[in-house]
Amino acid sequence: MPARSALRRFAAGFGRLPLKAKIGIAILSLFILVAIIGPAIAPYDPFANTTQATPGAPNGQHLLGTSATGGDILSQMLVGTRPTVILGLVTGLVATALSVVVGTAAGYLGGYADEILSLFSNVILVLPALPLLVVILGYLPHTGEVATAIVLSALGWPWGARVIRAQTLSMRNRDFVLAAREVGERPLRIILFELLPNQIGLIAASFVGTVLYAILTSVALAFIGVTNLNSWNYGVILYWAQNGSAVELGAWWWYVFPGLAVALLGMSLVLINFGLDELSNPRLRSSRVMNRIGRRSWRPADPTPVIREGMEAAL
Amino acid sequence: MRFIARRLAFYVAAVWAAVTVNFLIPRVMPGNAVDAILGKFQNLTPAVVKALEIQFGVGHKGSLVSQYFQYWNNVLHFNLGISTSQYPTHVSTIIGQTLPWTLALVGVATVLSFAIGTLLGVLAAWRRGGWLDRALPALTLLQATPYFFLALLVIYLFAIKLQWLPYGQGYALGLSPGLNWAFIHSAIQHSILPALTIIATSIGGWMLQMRNVMLTTISEDYILVAQAKGLSTRRVMFTYGARNAILPNIAGFALSLGFVVAGALVMEIVFSYPGVGLTLYNAVTSNDYPLLQGIFLVISLTVLTASLLADIAYAFADPRARSRSAF
């Protein structure tokens, strides 16, 4: 049965991942689950207002407390997860696609095309992104998720493009690429079927990094109020908390829970990237595995330890 | 010095891009400065509206090219227009008052974070598997925390609960800025918590990168030779190892500056620190477009200058950069 064997292969592949990546993927999956079912299981209407004038501490009715106007924080977070996650993933996809196109084009074509594309991406990279985002989005009359995702993608691709360009550059003169060229394959085919499959790890890492950038930046933008305040995401909740002087009032639940959610979401992405790093660079593997091999800390003069298949699984 | 010449050319291009983007945004985007004022003061006569439009350069007289040269002329004379929210103060005056606060705070905190993070990275790599190395993942996870969230926690814990340090504003009320001890003391006290927030969130990145490069460096043969010669550990660690491993960190400094500055700007808002970040926030909330654009321009130029300095430092640290052109 092909379906089951594919599932088993997937499970086996997951089992081989470093521990950090497993934890990261587990947390991220939880957030994606909440993004899907969150609005359906929210106990209250997140926009609901009551006449109360002070934020209410967490209690049986409101598990994570309420805002100053009586809005249920848990419901706001459950509803707000979806826009936050979707914005991050969409921006990650678009920006990574752009960086793959620009990176491989610059690396493979070389010459003036490379010079111009590299100059372009480096200029975008050194310009401070947040003030630029604020200026652009500040001019747009209806700053919503779509506008934010477009501008974030337009500014978020150069980092990945740089890395992918460097990798393409180092691969374009390897034997298998030269052989493909010798056989007479077209450049597009060489890029798609010879170069890209060898960069999957790099592209994945760049995607995860971009999603992290998109989530943190969009939350920061919403926190300053550069967003559509009529919808919910983590940044908007934090905006109202700051606006309602939650810190001065001691209403810690108002900003700690949404803030922790952002931190946890970001942490899962950082963990996944750590895992991807370790997967491609054995020297960075967890020191616990190293300890298990040598039963002591690894010293600089020692040879690089060899990690056999299955040792990480023992972790 | 071909390397530095190349980098200089690059930064000229970057400055050109920053100014040009700033020129184009208000001409491409809907909405303008006069609309923002009209929103604030209703019932203005058409003559007043006309006068305002002339004053803010709305309506864009002349061809795009002549406007563009006029704009460059203004920028070179630090004439960034007039703020609409603090009318009729010049944008350059407002930025002149707030920029020193941000420069001092973010500059000192960033340099400290870079220096301490790099040093800790060296130590973590040297004692691989030691306690510092094992604490590293926890530190880098702070990177995933939004700056402002950490800032909120720090304020709640140290300023409100424990009341160790003040927060809000750059100095205590009733003091006048100047070179006297009371003011300097108060200003330093007010900057400790914001600085700690910047350091805590950015130190992990420097540390991780330094550690990873250092791990690769210390497995090189020349490190083994140095140890075999009987050189002191400190000499091997710093002169042989760190000296070579630090290059990517310096190169990365220029590129990550934008992120650090962005985080610091938002942090200022939380602390009500009287810097550019807080001004940016006020400009956003009051739709003060001239001020927004002026701030973007000044922050860009500052970041570009700092990046250029980092690149020059790189050229001095890496002999290869001086001899061949580098990407």
# chains A, B, ... in the order shown; residues from 1 in each chain; ligands from 1

call {"tool": "residues_around", "arguments": {"residues": "Leu17 (chain A)", "least_positions_apart": "5", "cutoff": "8 Å", "atoms": "only C-alpha atoms", "output": "PyMOL selection string"}}
result
chain A and resi 22+275+279

call {"tool": "write_last_selection", "arguments": {"atoms": "N, CA and C atoms", "output": "PDB file, in the first residue's frame"}}
result
ATOM      1  N   LYS A  22      12.592  18.291  16.231  1.00  0.00           N
ATOM      2  CA  LYS A  22      11.339  17.614  16.591  1.00  0.00           C
ATOM      3  C   LYS A  22      10.498  18.492  17.505  1.00  0.00           C
ATOM      4  N   GLY A 275      17.966  22.675  14.203  1.00  0.00           N
ATOM      5  CA  GLY A 275      17.953  21.283  13.783  1.00  0.00           C
ATOM      6  C   GLY A 275      18.444  21.124  12.356  1.00  0.00           C
ATOM      7  N   LEU A 279      21.729  19.146  10.996  1.00  0.00           N
ATOM      8  CA  LEU A 279      21.568  18.103  10.006  1.00  0.00           C
ATOM      9  C   LEU A 279      22.619  18.249   8.911  1.00  0.00           C
TER      10      LEU A 279
END

call {"tool": "residues_around", "arguments": {"residues": "region 134-140 of chain A", "least_positions_apart": "2", "cutoff": "10 Å", "atoms": "only C-alpha atoms", "output": "CSV table (one decimal) with N, CA and C atoms, in the first residue's frame"}}
result
chain,number,residue,atom,x,y,z
A,129,ALA,N,14.9,48.0,7.7
A,129,ALA,CA,13.6,47.6,7.2
A,129,ALA,C,12.4,48.2,7.9
A,130,LEU,N,12.5,48.2,9.3
A,130,LEU,CA,11.3,48.6,10.0
A,130,LEU,C,10.8,50.0,9.7
A,131,PRO,N,11.7,51.0,9.8
A,131,PRO,CA,11.3,52.4,9.4
A,131,PRO,C,10.7,52.5,8.0
A,132,LEU,N,11.4,51.7,7.1
A,132,LEU,CA,10.9,51.8,5.7
A,132,LEU,C,9.5,51.2,5.6
A,142,HIS,N,-5.5,51.7,3.7
A,142,HIS,CA,-6.1,50.6,4.4
A,142,HIS,C,-5.1,49.6,4.7
A,143,THR,N,-4.3,49.8,5.8
A,143,THR,CA,-3.2,48.9,6.1
A,143,THR,C,-3.8,47.6,6.7
A,144,GLY,N,-3.8,46.6,6.0
A,144,GLY,CA,-4.3,45.3,6.5
A,144,GLY,C,-3.2,44.2,6.3
A,147,ALA,N,-1.6,44.0,2.6
A,147,ALA,CA,-0.6,45.0,2.3
A,147,ALA,C,0.7,44.7,3.1
A,148,THR,N,0.5,44.3,4.4
A,148,THR,CA,1.7,44.0,5.2
A,148,THR,C,2.4,42.9,4.6
A,151,VAL,N,4.4,44.0,1.4
A,151,VAL,CA,5.6,44.8,1.7
A,151,VAL,C,6.7,44.0,2.4
A,221,LEU,N,5.0,45.7,14.0
A,221,LEU,CA,4.3,46.8,13.3
A,221,LEU,C,2.9,47.0,13.9
A,224,ILE,N,3.1,48.9,17.1
A,224,ILE,CA,3.1,50.4,17.0
A,224,ILE,C,1.8,50.9,16.4
A,225,GLY,N,0.9,50.1,16.0
A,225,GLY,CA,-0.4,50.6,15.5
A,225,GLY,C,-0.4,50.7,14.0
A,226,VAL,N,0.6,50.2,13.3
A,226,VAL,CA,0.6,50.2,11.8
A,226,VAL,C,0.0,49.0,11.3
A,227,THR,N,-1.3,48.9,11.5
A,227,THR,CA,-2.0,47.7,11.0
A,227,THR,C,-3.5,48.0,11.0
B,21,VAL,N,14.0,56.3,-2.8
B,21,VAL,CA,12.8,55.7,-2.2
B,21,VAL,C,12.0,56.7,-1.5
B,22,ASN,N,12.7,57.5,-0.7
B,22,ASN,CA,12.0,58.5,0.1
B,22,ASN,C,11.3,59.5,-0.7
B,25,ILE,N,8.1,57.5,-2.5
B,25,ILE,CA,7.0,57.0,-1.7
B,25,ILE,C,5.8,58.0,-1.7
B,26,PRO,N,5.9,59.3,-1.3
B,26,PRO,CA,4.8,60.1,-1.3
B,26,PRO,C,4.2,60.4,-2.6
B,28,VAL,N,4.0,58.1,-5.1
B,28,VAL,CA,3.4,56.9,-5.6
B,28,VAL,C,2.2,56.5,-4.8
B,29,MET,N,2.3,56.8,-3.4
B,29,MET,CA,1.2,56.3,-2.5
B,29,MET,C,0.1,57.3,-2.4
B,30,PRO,N,-1.1,56.9,-2.1
B,30,PRO,CA,-2.2,57.8,-1.9
B,30,PRO,C,-2.0,58.4,-0.5
B,31,GLY,N,-2.7,59.6,-0.3
B,31,GLY,CA,-2.6,60.3,1.0
B,31,GLY,C,-1.5,61.2,1.0
B,32,ASN,N,-1.6,62.4,1.6
B,32,ASN,CA,-0.5,63.3,1.7
B,32,ASN,C,-0.6,64.1,3.0
B,33,ALA,N,0.4,65.0,3.2
B,33,ALA,CA,0.6,65.7,4.5
B,33,ALA,C,-0.6,66.6,4.7
B,280,LEU,N,9.1,58.4,16.0
B,280,LEU,CA,8.5,57.6,14.9
B,280,LEU,C,7.1,57.2,15.3
B,281,TYR,N,6.9,56.7,16.5
B,281,TYR,CA,5.6,56.2,17.0
B,281,TYR,C,4.6,57.4,17.0
B,283,ALA,N,4.8,60.1,15.2
B,283,ALA,CA,4.6,60.5,13.8
B,283,ALA,C,3.5,59.5,13.2
B,284,VAL,N,3.6,58.2,13.5
B,284,VAL,CA,2.7,57.3,13.0
B,284,VAL,C,1.3,57.6,13.5
B,285,THR,N,1.1,57.8,14.8
B,285,THR,CA,-0.2,57.9,15.3
B,285,THR,C,-0.8,59.2,14.9
B,287,ASN,N,-0.2,60.6,11.9
B,287,ASN,CA,-0.1,60.7,10.4
B,287,ASN,C,0.8,61.8,9.9
B,288,ASP,N,2.0,62.0,10.6
B,288,ASP,CA,2.9,63.1,10.3
B,288,ASP,C,3.9,62.6,9.3
B,289,TYR,N,3.5,62.7,8.0
B,289,TYR,CA,4.3,62.1,6.9
B,289,TYR,C,5.6,62.7,6.8
B,290,PRO,N,5.8,64.1,6.8
B,290,PRO,CA,7.1,64.6,6.6
B,290,PRO,C,8.1,64.1,7.7
B,291,LEU,N,7.6,64.0,9.0
B,291,LEU,CA,8.4,63.6,10.1
B,291,LEU,C,8.8,62.1,9.8
B,292,LEU,N,7.8,61.3,9.5
B,292,LEU,CA,8.0,59.8,9.2
B,292,LEU,C,9.2,59.7,8.2
B,293,GLN,N,9.1,60.5,7.1
B,293,GLN,CA,10.1,60.3,6.0
B,293,GLN,C,11.4,60.8,6.5
B,294,GLY,N,11.4,61.9,7.2
B,294,GLY,CA,12.7,62.5,7.7
B,294,GLY,C,13.4,61.4,8.6
B,295,ILE,N,12.6,60.8,9.5
B,295,ILE,CA,13.1,59.8,10.4
B,295,ILE,C,13.7,58.6,9.6
B,296,PHE,N,13.0,58.2,8.6
B,296,PHE,CA,13.5,57.0,7.8
B,296,PHE,C,14.8,57.4,7.1

call {"tool": "interface_residues", "arguments": {"of": "chain B", "to": "chain A", "cutoff": "8 Å", "atoms": "only C-alpha atoms", "output": "VMD selection string"}}
result
chain B and resid 10 13 to 14 17 to 18 25 to 26 29 to 32 126 to 130 134 141 144 to 146 148 to 149 152 to 153 155 to 156 160 212 215 to 216 218 to 219 223 to 224 227 254 to 255 257 to 259 261 to 262 266 270 281 284 to 285 287 289 292 to 293 295 to 296 299 to 300 303 to 304 307

call {"tool": "select_by_dssp", "arguments": {"residues": "region 102-234 of chain A", "states": "helix (DSSP H, G or I)", "output": "NGL selection string"}}
result
:A and (102-109 or 111-126 or 129-139 or 145-156 or 158-171 or 175-183 or 187-224 or 234)

call {"tool": "closest_residue", "arguments": {"among": "B:Pro248, B:Ile116, B:Leu265, B:Gln169", "to": "Ile199 (chain B)", "atoms": "only C-alpha atoms"}}
result
B:Ile116

call {"tool": "residues_around", "arguments": {"residues": "Gly80 (chain A)", "least_positions_apart": "4", "cutoff": "10 Å", "atoms": "only C-alpha atoms", "output": "PyMOL selection string"}}
result
chain A and resi 34-35+38-39+46+74-76+84-85+231-237+258

call {"tool": "write_last_selection", "arguments": {"atoms": "N, CA, C and O atoms", "output": "PDB file, in the first residue's frame"}}
result
ATOM      1  N   VAL A  34      -4.123  25.453  16.103  1.00  0.00           N
ATOM      2  CA  VAL A  34      -4.918  26.532  16.705  1.00  0.00           C
ATOM      3  C   VAL A  34      -5.366  27.518  15.624  1.00  0.00           C
ATOM      4  O   VAL A  34      -6.497  28.026  15.650  1.00  0.00           O
ATOM      5  N   ALA A  35      -4.483  27.759  14.643  1.00  0.00           N
ATOM      6  CA  ALA A  35      -4.846  28.689  13.569  1.00  0.00           C
ATOM      7  C   ALA A  35      -6.049  28.161  12.804  1.00  0.00           C
ATOM      8  O   ALA A  35      -6.900  28.939  12.353  1.00  0.00           O
ATOM      9  N   GLY A  38      -8.956  27.598  15.927  1.00  0.00           N
ATOM     10  CA  GLY A  38      -9.053  28.625  16.964  1.00  0.00           C
ATOM     11  C   GLY A  38     -10.363  29.392  16.980  1.00  0.00           C
ATOM     12  O   GLY A  38     -11.073  29.415  17.994  1.00  0.00           O
ATOM     13  N   PRO A  39     -10.731  30.035  15.858  1.00  0.00           N
ATOM     14  CA  PRO A  39     -11.959  30.828  15.863  1.00  0.00           C
ATOM     15  C   PRO A  39     -13.191  30.003  16.244  1.00  0.00           C
ATOM     16  O   PRO A  39     -14.143  30.530  16.815  1.00  0.00           O
ATOM     17  N   PRO A  46     -14.350  37.955  20.498  1.00  0.00           N
ATOM     18  CA  PRO A  46     -13.178  38.754  20.898  1.00  0.00           C
ATOM     19  C   PRO A  46     -13.465  40.256  20.913  1.00  0.00           C
ATOM     20  O   PRO A  46     -12.791  41.007  21.605  1.00  0.00           O
ATOM     21  N   LEU A  74      -8.186  35.119  26.029  1.00  0.00           N
ATOM     22  CA  LEU A  74      -8.047  33.811  25.410  1.00  0.00           C
ATOM     23  C   LEU A  74      -8.718  33.797  24.034  1.00  0.00           C
ATOM     24  O   LEU A  74      -8.140  33.326  23.047  1.00  0.00           O
ATOM     25  N   SER A  75      -9.933  34.351  23.968  1.00  0.00           N
ATOM     26  CA  SER A  75     -10.635  34.365  22.682  1.00  0.00           C
ATOM     27  C   SER A  75      -9.897  35.219  21.669  1.00  0.00           C
ATOM     28  O   SER A  75      -9.789  34.854  20.491  1.00  0.00           O
ATOM     29  N   GLN A  76      -9.388  36.369  22.118  1.00  0.00           N
ATOM     30  CA  GLN A  76      -8.646  37.238  21.201  1.00  0.00           C
ATOM     31  C   GLN A  76      -7.442  36.499  20.647  1.00  0.00           C
ATOM     32  O   GLN A  76      -7.109  36.618  19.459  1.00  0.00           O
ATOM     33  N   THR A  84      -1.866  35.780  12.274  1.00  0.00           N
ATOM     34  CA  THR A  84      -0.431  35.825  12.554  1.00  0.00           C
ATOM     35  C   THR A  84       0.297  34.720  11.802  1.00  0.00           C
ATOM     36  O   THR A  84       1.307  34.959  11.123  1.00  0.00           O
ATOM     37  N   VAL A  85      -0.234  33.477  11.908  1.00  0.00           N
ATOM     38  CA  VAL A  85       0.434  32.330  11.280  1.00  0.00           C
ATOM     39  C   VAL A  85       0.366  32.427   9.758  1.00  0.00           C
ATOM     40  O   VAL A  85       1.372  32.223   9.060  1.00  0.00           O
ATOM     41  N   SER A 231      -9.011  44.007  13.215  1.00  0.00           N
ATOM     42  CA  SER A 231      -8.898  42.556  13.213  1.00  0.00           C
ATOM     43  C   SER A 231      -7.958  42.172  14.347  1.00  0.00           C
ATOM     44  O   SER A 231      -7.293  43.022  14.926  1.00  0.00           O
ATOM     45  N   TRP A 232      -7.917  40.876  14.657  1.00  0.00           N
ATOM     46  CA  TRP A 232      -7.104  40.448  15.790  1.00  0.00           C
ATOM     47  C   TRP A 232      -5.858  39.716  15.319  1.00  0.00           C
ATOM     48  O   TRP A 232      -5.925  38.864  14.444  1.00  0.00           O
ATOM     49  N   ASN A 233      -4.722  40.069  15.865  1.00  0.00           N
ATOM     50  CA  ASN A 233      -3.550  39.197  15.834  1.00  0.00           C
ATOM     51  C   ASN A 233      -2.763  39.513  17.105  1.00  0.00           C
ATOM     52  O   ASN A 233      -3.133  40.413  17.854  1.00  0.00           O
ATOM     53  N   TYR A 234      -1.673  38.772  17.325  1.00  0.00           N
ATOM     54  CA  TYR A 234      -0.955  38.943  18.600  1.00  0.00           C
ATOM     55  C   TYR A 234      -0.500  40.388  18.801  1.00  0.00           C
ATOM     56  O   TYR A 234      -0.560  40.930  19.905  1.00  0.00           O
ATOM     57  N   GLY A 235      -0.045  41.004  17.703  1.00  0.00           N
ATOM     58  CA  GLY A 235       0.447  42.371  17.800  1.00  0.00           C
ATOM     59  C   GLY A 235      -0.651  43.342  18.208  1.00  0.00           C
ATOM     60  O   GLY A 235      -0.427  44.265  18.979  1.00  0.00           O
ATOM     61  N   VAL A 236      -1.869  43.120  17.683  1.00  0.00           N
ATOM     62  CA  VAL A 236      -2.977  44.020  18.005  1.00  0.00           C
ATOM     63  C   VAL A 236      -3.330  43.928  19.489  1.00  0.00           C
ATOM     64  O   VAL A 236      -3.579  44.943  20.147  1.00  0.00           O
ATOM     65  N   ILE A 237      -3.348  42.696  20.017  1.00  0.00           N
ATOM     66  CA  ILE A 237      -3.643  42.542  21.451  1.00  0.00           C
ATOM     67  C   ILE A 237      -2.613  43.319  22.266  1.00  0.00           C
ATOM     68  O   ILE A 237      -2.948  44.051  23.211  1.00  0.00           O
ATOM     69  N   PRO A 258      -0.180  36.907  25.274  1.00  0.00           N
ATOM     70  CA  PRO A 258       0.106  37.059  23.833  1.00  0.00           C
ATOM     71  C   PRO A 258       1.598  37.155  23.537  1.00  0.00           C
ATOM     72  O   PRO A 258       2.070  36.595  22.539  1.00  0.00           O
TER      73      PRO A 258
END

call {"tool": "residues_around", "arguments": {"residues": "Leu105 (chain B)", "least_positions_apart": "6", "cutoff": "8 Å", "atoms": "only C-alpha atoms", "output": "PDB file with C-alpha atoms, in the first residue's frame"}}
result
ATOM      1  CA  SER B 191      19.229  54.075  30.190  1.00  0.00           C
ATOM      2  CA  PRO B 194      16.602  49.821  27.879  1.00  0.00           C
ATOM      3  CA  ALA B 195      20.268  48.969  27.276  1.00  0.00           C
TER       4      ALA B 195
END

call {"tool": "residues_around", "arguments": {"residues": "region 167-176 of chain A", "least_positions_apart": "6", "cutoff": "12 Å", "atoms": "only C-alpha atoms", "output": "NGL selection string"}}
result
(:A and (100-111 or 114 or 160-161 or 182-183 or 185 or 187 or 190-203)) or (:B and (327))

call {"tool": "closest_residue", "arguments": {"among": "B:Thr20, B:Asn73, B:Gln97, B:Ser85", "to": "Pro274 (chain B)", "atoms": "only C-alpha atoms"}}
result
B:Gln97

call {"tool": "atom_distance", "arguments": {"atom1": "CA of Ile164 (chain A)", "atom2": "CA of Ala95 (chain A)"}}
result
12.8 Å

call {"tool": "atom_distance", "arguments": {"atom1": "CA of Ile272 (chain A)", "atom2": "CA of Phe207 (chain A)"}}
result
10.9 Å
